>>> print(open('target.cif').read())   # mmCIF, C-alpha atoms
data_coords
#
loop_
_atom_site.group_PDB
_atom_site.id
_atom_site.type_symbol
_atom_site.label_atom_id
_atom_site.label_comp_id
_atom_site.auth_asym_id
_atom_site.auth_seq_id
_atom_site.Cartn_x
_atom_site.Cartn_y
_atom_site.Cartn_z
ATOM 1 C CA MET A 28 50.672 33.363 158.126
ATOM 2 C CA SER A 29 49.314 31.353 161.069
ATOM 3 C CA GLY A 30 49.457 27.691 162.046
ATOM 4 C CA THR A 31 52.154 25.664 160.373
ATOM 5 C CA ASN A 32 53.802 25.514 157.010
ATOM 6 C CA GLY A 33 53.025 22.587 154.726
ATOM 7 C CA ASP A 34 55.856 20.571 156.234
ATOM 8 C CA GLY A 35 54.655 20.954 159.830
ATOM 9 C CA THR A 36 57.251 23.494 161.015
ATOM 10 C CA PRO A 37 56.021 26.544 162.922
ATOM 11 C CA SER A 38 55.141 29.485 160.698
ATOM 12 C CA ALA A 39 56.382 33.019 161.251
ATOM 13 C CA ALA A 40 53.298 33.797 163.319
ATOM 14 C CA GLU A 41 54.387 31.171 165.863
ATOM 15 C CA ALA A 42 58.157 31.649 165.735
ATOM 16 C CA GLY A 43 57.833 35.438 165.729
ATOM 17 C CA PRO A 44 59.035 37.781 163.021
ATOM 18 C CA VAL A 45 62.752 38.052 162.310
ATOM 19 C CA THR A 46 64.027 41.310 163.838
ATOM 20 C CA VAL A 47 67.788 40.763 164.069
ATOM 21 C CA LEU A 48 70.392 39.530 161.613
ATOM 22 C CA GLU A 49 73.770 38.265 162.787
ATOM 23 C CA THR A 50 76.525 39.447 160.486
ATOM 24 C CA PRO A 51 79.819 38.380 162.063
ATOM 25 C CA ILE A 52 82.963 39.636 160.374
ATOM 26 C CA HIS A 53 86.241 37.739 160.593
ATOM 27 C CA ILE A 54 89.383 39.267 159.120
ATOM 28 C CA ASP A 55 92.543 37.202 159.091
ATOM 29 C CA TYR A 56 95.576 39.458 158.695
ATOM 30 C CA GLN A 57 99.277 38.725 158.734
ATOM 31 C CA PHE A 58 100.811 41.866 160.235
ATOM 32 C CA THR A 59 104.321 42.834 159.142
ATOM 33 C CA ALA A 60 105.813 45.425 161.472
ATOM 34 C CA GLY A 61 108.465 46.790 159.100
ATOM 35 C CA LEU A 62 112.058 47.674 160.042
ATOM 36 C CA ALA A 63 111.417 50.638 162.356
ATOM 37 C CA GLN A 64 108.578 49.098 164.336
ATOM 38 C CA SER A 65 110.441 45.793 164.555
ATOM 39 C CA ARG A 66 113.344 47.649 166.195
ATOM 40 C CA PHE A 67 110.867 49.317 168.546
ATOM 41 C CA LEU A 68 109.172 46.018 169.439
ATOM 42 C CA LYS A 69 112.518 44.338 170.071
ATOM 43 C CA GLY A 70 113.333 47.226 172.421
ATOM 44 C CA ILE A 71 109.997 46.656 174.165
ATOM 45 C CA SER A 72 110.891 42.990 174.645
ATOM 46 C CA GLU A 73 114.030 44.238 176.460
ATOM 47 C CA GLY A 74 112.040 46.681 178.599
ATOM 48 C CA ARG A 75 113.213 49.787 176.654
ATOM 49 C CA PHE A 76 111.428 52.447 174.621
ATOM 50 C CA LEU A 77 113.283 52.992 171.335
ATOM 51 C CA GLY A 78 112.374 55.907 169.101
ATOM 52 C CA GLN A 79 113.870 57.459 165.999
ATOM 53 C CA ARG A 80 114.956 61.068 165.350
ATOM 54 C CA CYS A 81 114.298 62.990 162.170
ATOM 55 C CA PRO A 82 117.647 64.188 160.745
ATOM 56 C CA LYS A 83 115.956 67.373 159.506
ATOM 57 C CA CYS A 84 113.566 68.630 162.220
ATOM 58 C CA HIS A 85 115.216 66.588 165.021
ATOM 59 C CA LYS A 86 111.885 65.421 166.412
ATOM 60 C CA VAL A 87 111.878 62.009 168.068
ATOM 61 C CA TYR A 88 109.067 59.648 167.170
ATOM 62 C CA VAL A 89 107.939 56.692 169.251
ATOM 63 C CA PRO A 90 106.865 54.191 168.074
ATOM 64 C CA PRO A 91 108.937 55.030 165.000
ATOM 65 C CA ARG A 92 107.471 54.478 161.544
ATOM 66 C CA GLY A 93 110.785 54.779 159.743
ATOM 67 C CA SER A 94 110.155 58.234 158.320
ATOM 68 C CA CYS A 95 109.283 61.743 159.455
ATOM 69 C CA PRO A 96 105.674 62.650 158.634
ATOM 70 C CA THR A 97 106.625 66.340 158.380
ATOM 71 C CA ASP A 98 109.811 66.156 156.335
ATOM 72 C CA GLY A 99 109.249 62.894 154.510
ATOM 73 C CA VAL A 100 112.789 61.688 155.119
ATOM 74 C CA ALA A 101 113.979 58.402 156.605
ATOM 75 C CA THR A 102 114.576 58.398 160.373
ATOM 76 C CA THR A 103 117.608 56.209 160.884
ATOM 77 C CA ASP A 104 118.989 57.753 164.087
ATOM 78 C CA GLU A 105 117.845 55.570 166.977
ATOM 79 C CA VAL A 106 117.128 57.152 170.365
ATOM 80 C CA GLU A 107 116.451 55.399 173.656
ATOM 81 C CA LEU A 108 113.805 57.193 175.646
ATOM 82 C CA ALA A 109 113.322 57.505 179.379
ATOM 83 C CA ASN A 110 111.001 55.302 181.395
ATOM 84 C CA THR A 111 109.283 58.451 182.638
ATOM 85 C CA GLY A 112 106.978 60.941 180.998
ATOM 86 C CA THR A 113 104.153 63.441 181.336
ATOM 87 C CA VAL A 114 100.411 62.854 180.958
ATOM 88 C CA THR A 115 99.299 65.231 178.213
ATOM 89 C CA THR A 116 95.649 64.160 177.903
ATOM 90 C CA TYR A 117 93.642 61.254 179.263
ATOM 91 C CA CYS A 118 90.184 59.783 179.359
ATOM 92 C CA VAL A 119 88.348 57.852 182.054
ATOM 93 C CA VAL A 120 86.772 54.748 180.550
ATOM 94 C CA ASN A 121 83.453 54.047 182.265
ATOM 95 C CA VAL A 122 81.713 52.115 179.496
ATOM 96 C CA PRO A 123 81.994 48.342 179.318
ATOM 97 C CA PHE A 124 82.430 46.750 175.893
ATOM 98 C CA GLN A 125 82.847 43.253 174.555
ATOM 99 C CA GLY A 126 86.344 41.887 175.033
ATOM 100 C CA GLN A 127 87.250 44.432 177.725
ATOM 101 C CA SER A 128 90.010 42.985 179.866
ATOM 102 C CA ILE A 129 90.427 45.742 182.466
ATOM 103 C CA GLU A 130 87.996 46.529 185.243
ATOM 104 C CA ILE A 131 86.247 49.871 184.749
ATOM 105 C CA PRO A 132 86.687 52.694 185.506
ATOM 106 C CA TYR A 133 90.220 52.897 184.150
ATOM 107 C CA ILE A 134 92.337 55.590 182.571
ATOM 108 C CA CYS A 135 93.723 55.643 179.086
ATOM 109 C CA ALA A 136 96.257 58.440 178.640
ATOM 110 C CA GLN A 137 98.629 60.036 176.189
ATOM 111 C CA VAL A 138 102.058 60.021 177.815
ATOM 112 C CA LEU A 139 104.849 62.200 176.433
ATOM 113 C CA LEU A 140 107.937 60.152 177.242
ATOM 114 C CA ASP A 141 110.922 62.276 178.231
ATOM 115 C CA GLY A 142 112.975 62.816 175.089
ATOM 116 C CA ALA A 143 110.081 62.143 172.689
ATOM 117 C CA ASN A 144 108.196 64.602 170.512
ATOM 118 C CA ILE A 145 105.021 62.593 170.239
ATOM 119 C CA ALA A 146 102.787 61.163 172.950
ATOM 120 C CA PHE A 147 102.457 57.433 173.562
ATOM 121 C CA MET A 148 99.199 55.740 174.599
ATOM 122 C CA GLY A 149 99.084 53.834 177.877
ATOM 123 C CA LEU A 150 97.032 53.038 180.964
ATOM 124 C CA ILE A 151 97.425 54.950 184.205
ATOM 125 C CA GLN A 152 97.091 52.864 187.377
ATOM 126 C CA GLU A 153 98.022 52.785 191.071
ATOM 127 C CA VAL A 154 96.202 56.101 191.502
ATOM 128 C CA PRO A 155 92.508 56.964 191.986
ATOM 129 C CA THR A 156 91.017 58.018 188.662
ATOM 130 C CA ALA A 157 89.945 61.382 190.082
ATOM 131 C CA GLU A 158 93.571 62.270 190.856
ATOM 132 C CA VAL A 159 94.918 61.833 187.341
ATOM 133 C CA ARG A 160 95.558 65.169 185.639
ATOM 134 C CA MET A 161 97.234 66.807 182.695
ATOM 135 C CA GLY A 162 100.906 67.395 183.467
ATOM 136 C CA MET A 163 101.102 64.510 185.952
ATOM 137 C CA ARG A 164 104.515 62.850 185.923
ATOM 138 C CA VAL A 165 104.409 59.083 185.435
ATOM 139 C CA GLU A 166 106.714 56.102 184.984
ATOM 140 C CA ALA A 167 106.234 52.894 183.024
ATOM 141 C CA VAL A 168 105.608 49.650 184.886
ATOM 142 C CA TRP A 169 106.719 46.632 182.918
ATOM 143 C CA VAL A 170 105.697 43.005 183.230
ATOM 144 C CA ASP A 171 108.182 40.595 184.847
ATOM 145 C CA LYS A 172 111.340 40.064 182.787
ATOM 146 C CA SER A 173 110.312 36.493 182.000
ATOM 147 C CA GLU A 174 107.063 37.778 180.457
ATOM 148 C CA LEU A 175 108.560 40.534 178.303
ATOM 149 C CA GLY A 176 107.724 40.102 174.626
ATOM 150 C CA PRO A 177 107.724 42.132 171.404
ATOM 151 C CA ASN A 178 104.255 43.570 172.038
ATOM 152 C CA LEU A 179 102.725 46.370 174.083
ATOM 153 C CA ARG A 180 101.372 43.988 176.729
ATOM 154 C CA SER A 181 104.935 44.228 178.055
ATOM 155 C CA VAL A 182 104.122 47.736 179.305
ATOM 156 C CA LYS A 183 101.596 46.995 182.041
ATOM 157 C CA TYR A 184 100.710 50.608 182.708
ATOM 158 C CA PHE A 185 102.129 53.933 183.875
ATOM 159 C CA ARG A 186 101.929 55.078 187.501
ATOM 160 C CA PRO A 187 102.673 58.380 189.236
ATOM 161 C CA SER A 188 106.423 58.887 189.600
ATOM 162 C CA GLY A 189 106.028 61.262 192.544
ATOM 163 C CA GLU A 190 107.750 64.155 190.773
ATOM 164 C CA PRO A 191 106.088 67.600 190.736
ATOM 165 C CA ASP A 192 103.699 68.171 187.811
ATOM 166 C CA ALA A 193 105.190 69.381 184.546
ATOM 167 C CA PRO A 194 104.243 72.964 183.640
ATOM 168 C CA TYR A 195 101.563 73.229 180.950
ATOM 169 C CA GLU A 196 103.947 75.046 178.581
ATOM 170 C CA SER A 197 106.232 72.006 178.558
ATOM 171 C CA PHE A 198 103.634 69.829 176.793
ATOM 172 C CA GLU A 199 101.117 72.230 175.221
ATOM 173 C CA GLU A 200 102.669 71.560 171.802
ATOM 174 C CA TYR A 201 101.715 67.905 172.064
ATOM 175 C CA LEU A 202 97.984 68.147 172.776
ATOM 176 C CA MET B 216 119.127 45.427 160.457
ATOM 177 C CA ALA B 217 118.324 42.745 157.919
ATOM 178 C CA ASP B 218 114.923 42.063 156.405
ATOM 179 C CA SER B 219 114.950 38.770 158.274
ATOM 180 C CA ASP B 220 114.746 40.765 161.519
ATOM 181 C CA VAL B 221 111.358 42.174 160.564
ATOM 182 C CA LEU B 222 108.665 40.898 162.891
ATOM 183 C CA ARG B 223 105.491 39.313 161.609
ATOM 184 C CA ALA B 224 102.479 38.061 163.524
ATOM 185 C CA PRO B 225 98.931 36.928 162.860
ATOM 186 C CA HIS B 226 96.413 39.691 163.481
ATOM 187 C CA VAL B 227 92.834 38.469 163.579
ATOM 188 C CA LEU B 228 89.863 40.777 163.898
ATOM 189 C CA ASP B 229 86.438 39.461 164.871
ATOM 190 C CA TYR B 230 83.388 41.687 164.927
ATOM 191 C CA PRO B 231 80.302 39.901 166.311
ATOM 192 C CA TYR B 232 77.868 42.317 164.679
ATOM 193 C CA LYS B 233 74.106 42.044 164.982
ATOM 194 C CA ARG B 234 71.864 44.272 162.912
ATOM 195 C CA SER B 235 68.297 45.296 163.554
ATOM 196 C CA VAL B 236 66.607 44.597 160.259
ATOM 197 C CA GLY B 237 63.508 46.809 160.447
ATOM 198 C CA PRO B 238 59.978 45.929 159.360
ATOM 199 C CA VAL B 239 60.547 45.397 155.631
ATOM 200 C CA ILE B 240 63.791 43.395 155.544
ATOM 201 C CA GLY B 241 62.439 41.672 158.663
ATOM 202 C CA ALA B 242 59.367 40.548 156.714
ATOM 203 C CA PHE B 243 61.612 39.422 153.831
ATOM 204 C CA LEU B 244 63.774 37.322 156.193
ATOM 205 C CA THR B 245 60.720 35.960 157.998
ATOM 206 C CA GLY B 246 59.378 34.962 154.575
ATOM 207 C CA LEU B 247 62.614 33.152 153.742
ATOM 208 C CA ARG B 248 62.335 31.232 157.008
ATOM 209 C CA ASP B 249 58.856 30.192 155.838
ATOM 210 C CA GLY B 250 60.223 29.176 152.454
ATOM 211 C CA ARG B 251 58.740 32.145 150.594
ATOM 212 C CA ILE B 252 60.356 35.056 148.769
ATOM 213 C CA LEU B 253 58.732 38.433 149.371
ATOM 214 C CA GLY B 254 59.092 41.675 147.501
ATOM 215 C CA VAL B 255 57.515 45.059 148.087
ATOM 216 C CA THR B 256 55.479 47.309 145.842
ATOM 217 C CA GLY B 257 57.261 50.524 144.919
ATOM 218 C CA SER B 258 55.583 53.896 144.471
ATOM 219 C CA GLY B 259 55.179 53.295 140.729
ATOM 220 C CA GLY B 260 53.659 49.850 141.217
ATOM 221 C CA GLN B 261 56.868 47.978 140.401
ATOM 222 C CA VAL B 262 57.876 45.075 142.666
ATOM 223 C CA VAL B 263 61.254 45.461 144.370
ATOM 224 C CA VAL B 264 63.158 42.332 145.477
ATOM 225 C CA PRO B 265 64.817 42.233 147.941
ATOM 226 C CA PRO B 266 62.350 44.698 149.424
ATOM 227 C CA ALA B 267 63.368 48.110 150.696
ATOM 228 C CA GLU B 268 61.611 50.525 153.051
ATOM 229 C CA TYR B 269 61.833 53.290 150.467
ATOM 230 C CA ASP B 270 61.371 53.231 146.726
ATOM 231 C CA PRO B 271 64.918 53.100 145.304
ATOM 232 C CA ILE B 272 64.030 55.622 142.582
ATOM 233 C CA THR B 273 61.540 58.068 144.117
ATOM 234 C CA GLY B 274 62.470 57.692 147.786
ATOM 235 C CA GLN B 275 58.793 57.417 148.724
ATOM 236 C CA ASP B 276 57.512 54.808 151.158
ATOM 237 C CA THR B 277 57.031 51.384 149.636
ATOM 238 C CA GLY B 278 53.683 49.608 149.948
ATOM 239 C CA GLU B 279 52.389 46.049 150.221
ATOM 240 C CA MET B 280 54.581 42.975 150.493
ATOM 241 C CA VAL B 281 53.984 40.532 147.650
ATOM 242 C CA GLU B 282 55.201 36.998 147.147
ATOM 243 C CA VAL B 283 57.426 36.400 144.110
ATOM 244 C CA GLY B 284 59.212 33.414 142.556
ATOM 245 C CA PRO B 285 60.386 30.845 143.380
ATOM 246 C CA GLY B 286 61.208 30.703 139.653
ATOM 247 C CA GLY B 287 62.893 33.500 137.755
ATOM 248 C CA VAL B 288 65.224 34.561 134.995
ATOM 249 C CA VAL B 289 68.990 35.092 135.174
ATOM 250 C CA THR B 290 69.644 38.609 133.905
ATOM 251 C CA THR B 291 73.436 38.484 134.242
ATOM 252 C CA TRP B 292 76.006 36.217 135.850
ATOM 253 C CA SER B 293 79.679 35.662 136.642
ATOM 254 C CA TRP B 294 81.408 32.316 137.063
ATOM 255 C CA ALA B 295 83.219 31.563 140.330
ATOM 256 C CA ALA B 296 85.628 28.816 139.276
ATOM 257 C CA SER B 297 87.468 28.459 142.611
ATOM 258 C CA PRO B 298 85.144 29.268 145.507
ATOM 259 C CA TYR B 299 86.631 30.730 148.687
ATOM 260 C CA PRO B 300 86.024 28.872 151.974
ATOM 261 C CA ASP B 301 83.110 31.032 153.177
ATOM 262 C CA GLN B 302 81.297 31.316 149.873
ATOM 263 C CA PRO B 303 77.812 29.826 149.543
ATOM 264 C CA LEU B 304 78.824 26.676 147.673
ATOM 265 C CA ASP B 305 81.972 24.567 147.955
ATOM 266 C CA ARG B 306 82.023 23.771 144.235
ATOM 267 C CA PRO B 307 82.276 26.050 141.199
ATOM 268 C CA PHE B 308 79.115 28.132 140.846
ATOM 269 C CA ALA B 309 77.727 31.277 139.243
ATOM 270 C CA TRP B 310 77.007 34.552 140.986
ATOM 271 C CA ALA B 311 73.838 35.694 139.283
ATOM 272 C CA LEU B 312 71.227 38.412 139.291
ATOM 273 C CA VAL B 313 67.864 36.644 139.241
ATOM 274 C CA ARG B 314 64.662 38.498 138.353
ATOM 275 C CA LEU B 315 62.040 36.432 140.117
ATOM 276 C CA ASP B 316 58.628 35.853 138.573
ATOM 277 C CA GLY B 317 56.476 38.790 139.617
ATOM 278 C CA ALA B 318 59.447 41.052 140.372
ATOM 279 C CA ASP B 319 60.808 44.045 138.458
ATOM 280 C CA THR B 320 64.284 44.047 140.006
ATOM 281 C CA ALA B 321 66.865 41.284 140.312
ATOM 282 C CA LEU B 322 68.177 39.570 143.431
ATOM 283 C CA LEU B 323 71.860 38.655 143.770
ATOM 284 C CA HIS B 324 72.321 34.978 144.567
ATOM 285 C CA VAL B 325 74.154 31.897 143.318
ATOM 286 C CA VAL B 326 73.253 29.318 140.698
ATOM 287 C CA ASP B 327 74.467 25.773 141.193
ATOM 288 C CA ALA B 328 75.154 25.098 137.526
ATOM 289 C CA ARG B 329 78.249 22.838 137.852
ATOM 290 C CA ARG B 330 79.846 24.275 134.714
ATOM 291 C CA PRO B 331 79.829 27.677 133.005
ATOM 292 C CA GLU B 332 78.470 26.208 129.752
ATOM 293 C CA ALA B 333 75.205 25.611 131.612
ATOM 294 C CA MET B 334 74.809 29.332 132.326
ATOM 295 C CA SER B 335 73.255 31.954 130.061
ATOM 296 C CA SER B 336 71.481 35.262 130.492
ATOM 297 C CA GLY B 337 67.769 34.641 130.084
ATOM 298 C CA MET B 338 67.892 31.083 131.462
ATOM 299 C CA ARG B 339 65.165 29.980 133.872
ATOM 300 C CA VAL B 340 66.152 29.078 137.416
ATOM 301 C CA THR B 341 64.286 28.280 140.600
ATOM 302 C CA ALA B 342 65.108 28.687 144.273
ATOM 303 C CA ARG B 343 66.228 25.672 146.263
ATOM 304 C CA PHE B 344 65.513 26.264 149.956
ATOM 305 C CA LEU B 345 67.247 24.612 152.874
ATOM 306 C CA PRO B 346 65.052 22.125 154.759
ATOM 307 C CA ALA B 347 62.597 24.008 157.001
ATOM 308 C CA GLU B 348 64.312 23.001 160.251
ATOM 309 C CA GLN B 349 67.587 24.559 159.051
ATOM 310 C CA ARG B 350 66.085 27.882 158.004
ATOM 311 C CA VAL B 351 66.727 30.785 160.367
ATOM 312 C CA GLY B 352 65.609 33.920 158.525
ATOM 313 C CA HIS B 353 68.693 34.626 156.419
ATOM 314 C CA ILE B 354 69.409 35.009 152.702
ATOM 315 C CA LYS B 355 71.249 31.677 152.937
ATOM 316 C CA ASP B 356 67.899 30.019 153.700
ATOM 317 C CA ILE B 357 67.878 29.909 149.914
ATOM 318 C CA GLU B 358 70.676 27.394 149.489
ATOM 319 C CA CYS B 359 71.053 28.338 145.834
ATOM 320 C CA PHE B 360 69.153 28.634 142.587
ATOM 321 C CA VAL B 361 69.188 25.734 140.161
ATOM 322 C CA PRO B 362 68.465 25.598 136.426
ATOM 323 C CA GLU B 363 64.727 24.990 136.106
ATOM 324 C CA ALA B 364 65.125 22.059 133.725
ATOM 325 C CA VAL B 365 66.957 19.978 136.341
ATOM 326 C CA SER B 366 65.051 21.171 139.409
#
>>> encode(input="target.cif", output="structure tokens")
Amino acid sequence: MSGTNGDGTPSAAEAGPVTVLETPIHIDYQFTAGLAQSRFLKGISEGRFLGQRCPKCHKVYVPPRGSCPTDGVATTDEVELANTGTVTTYCVVNVPFQGQSIEIPYICAQVLLDGANIAFMGLIQEVPTAEVRMGMRVEAVWVDKSELGPNLRSVKYFRPSGEPDAPYESFEEYL
Amino acid sequence: MADSDVLRAPHVLDYPYKRSVGPVIGAFLTGLRDGRILGVTGSGGQVVVPPAEYDPITGQDTGEMVEVGPGGVVTTWSWAASPYPDQPLDRPFAWALVRLDGADTALLHVVDARRPEAMSSGMRVTARFLPAEQRVGHIKDIECFVPEAVS
């Protein structure tokens, strides 16, 4: 195992043993949003949050999937939601990872938009991370009108709205 | 809302994974880089290729590394008539299990046989390695197996 192989290339003893194997994975999808999410994404490209209400339990889902997961019926009734909401839970991201585009630490939160019955994931900014809390009232900050598109990059982040905190009972169902 | 209003977009996922290979697979890959195929002795004395850290039947530690091949026997095969872009060969080939000389288990690889009529279970094949300067310690260091008669 020392010296060179018959053809003069370095043997394993010189090049060192193989310890790592690169196994890159590349998956090439074509994503089809479906009717309900397409409506939602078109709303996003207009700077609006569009949800759908279940005709049976009357819960409002955002983003809508076109059906109610509880009742199994189609949700055809469209509802425009407010630009404001309540932080239900959040996490402070302190760990860097490949492809990270935001400077750490940053906050990723579940925001219950006013009028919705399910929380929506977003960033919380314009506030020190230590001041973010459950029940904090926030508002969406959108990109400039010219940059709005049918994707969630259109919602830059949420920031404190300045309203008093929502009482725990108002969002405990959504944790 | 019409079906034509449904949004579609490309969605590409890339995972730049790297795996630590451990001492046994590491030795196997190092062997491939050197142009040699290594197996490992199982707890019952059988030779396992590709080698594993534990005997696949008893779960006990495996023993010495042993060199096998480069010739062997096709135990079973399947014809790939229209290879996909990332497959090992850009022309029709056979996926095959090859039991290398000196081994008791078979290794999955490809046989460059050009046409399915050239394939049969029990046929002799031999490994064709990439040139040494192109070998990196990867199963693809074996470019393919070829029927022994035309090697």
>>> interface_residues(input="target.cif", of="chain A", to="chain B", cutoff="8 Å", atoms="all atoms listed in the file", output="number ranges by chain")
A: 32, 34, 36, 38-39, 44-62, 65
>>> resolve_selection(input="target.cif", expression="the PyMOL selection byres ((chain A and resi 76) around 10)", output="ChimeraX atom specification")
/A:66-75,77-78,89-90,106-110,140,143,167,182
>>> closest_residue(input="target.cif", among="A:Pro155, A:Pro123, A:Pro177, A:Gly112", to="Ser197 of chain A", atoms="only C-alpha atoms")
A:Gly112
>>> residues_around(input="target.cif", residues="segment 128-135 of chain A", least_positions_apart="4", cutoff="6 Å", atoms="all atoms listed in the file", output="PyMOL selection string")
chain A and resi 117-121+149-151
>>> resolve_selection(input="target.cif", expression="the PyMOL selection byres ((chain A and resi 192) around 12)", output="PyMOL selection string")
chain A and resi 112-115+159-165+187-191+193-198
>>> axis_aligned_box(input="target.cif", around="segment 301-314 of chain B", padding_each_side="5 Å", output="AutoDock Vina command-line options")
--center_x 73.9 --center_y 31.1 --center_z 145.8 --size_x 28.4 --size_y 24.7 --size_z 24.8
>>> atom_distance(input="target.cif", atom1="atom CA of Val263 of chain B", atom2="atom CA of Gly284 of chain B")
12.4 Å
>>> atom_distance(input="target.cif", atom1="atom CA of Thr341 of chain B", atom2="atom CA of Asp276 of chain B")
29.3 Å
>>> atom_distance(input="target.cif", atom1="atom CA of Pro91 of chain A", atom2="atom CA of Val170 of chain A")
22.1 Å
>>> resolve_selection(input="target.cif", expression="the PyMOL selection byres ((chain B and resi 340) around 9)", output="PyMOL selection string")
chain B and resi 285-289+313+315+326+338-339+341-342+360-364+366
>>> residues_around(input="target.cif", residues="segment 303-307 of chain B", least_positions_apart="2", cutoff="9 Å", atoms="all atoms listed in the file", output="MDAnalysis selection string")
chainID B and resid 294:301 309 325 327:331 355 358:359
>>> build_atoms(input="target.cif", residues="segment 235-246 of chain B", atoms="N, CA and C atoms", output="PDB file, in the frame of the given file")
ATOM      1  N   SER B 235      69.757  45.250 163.537  1.00  0.00           N
ATOM      2  CA  SER B 235      68.297  45.296 163.554  1.00  0.00           C
ATOM      3  C   SER B 235      67.868  45.443 162.103  1.00  0.00           C
ATOM      4  N   VAL B 236      66.898  44.638 161.687  1.00  0.00           N
ATOM      5  CA  VAL B 236      66.607  44.597 160.259  1.00  0.00           C
ATOM      6  C   VAL B 236      65.452  45.498 159.850  1.00  0.00           C
ATOM      7  N   GLY B 237      64.631  45.943 160.809  1.00  0.00           N
ATOM      8  CA  GLY B 237      63.508  46.809 160.447  1.00  0.00           C
ATOM      9  C   GLY B 237      62.341  45.999 159.914  1.00  0.00           C
ATOM     10  N   PRO B 238      61.206  46.662 159.694  1.00  0.00           N
ATOM     11  CA  PRO B 238      59.978  45.929 159.360  1.00  0.00           C
ATOM     12  C   PRO B 238      59.986  45.283 157.973  1.00  0.00           C
ATOM     13  N   VAL B 239      60.653  45.895 157.010  1.00  0.00           N
ATOM     14  CA  VAL B 239      60.547  45.397 155.631  1.00  0.00           C
ATOM     15  C   VAL B 239      61.535  44.259 155.374  1.00  0.00           C
ATOM     16  N   ILE B 240      62.818  44.489 155.675  1.00  0.00           N
ATOM     17  CA  ILE B 240      63.791  43.395 155.544  1.00  0.00           C
ATOM     18  C   ILE B 240      63.418  42.281 156.521  1.00  0.00           C
ATOM     19  N   GLY B 241      62.891  42.666 157.688  1.00  0.00           N
ATOM     20  CA  GLY B 241      62.439  41.672 158.663  1.00  0.00           C
ATOM     21  C   GLY B 241      61.383  40.763 158.067  1.00  0.00           C
ATOM     22  N   ALA B 242      60.425  41.357 157.350  1.00  0.00           N
ATOM     23  CA  ALA B 242      59.367  40.548 156.714  1.00  0.00           C
ATOM     24  C   ALA B 242      59.958  39.666 155.621  1.00  0.00           C
ATOM     25  N   PHE B 243      60.935  40.196 154.882  1.00  0.00           N
ATOM     26  CA  PHE B 243      61.612  39.422 153.831  1.00  0.00           C
ATOM     27  C   PHE B 243      62.300  38.199 154.438  1.00  0.00           C
ATOM     28  N   LEU B 244      63.041  38.425 155.550  1.00  0.00           N
ATOM     29  CA  LEU B 244      63.774  37.322 156.193  1.00  0.00           C
ATOM     30  C   LEU B 244      62.809  36.326 156.828  1.00  0.00           C
ATOM     31  N   THR B 245      61.730  36.854 157.420  1.00  0.00           N
ATOM     32  CA  THR B 245      60.720  35.960 157.998  1.00  0.00           C
ATOM     33  C   THR B 245      60.115  35.089 156.892  1.00  0.00           C
ATOM     34  N   GLY B 246      59.882  35.712 155.720  1.00  0.00           N
ATOM     35  CA  GLY B 246      59.378  34.962 154.575  1.00  0.00           C
ATOM     36  C   GLY B 246      60.336  33.855 154.158  1.00  0.00           C
TER      37      GLY B 246
END
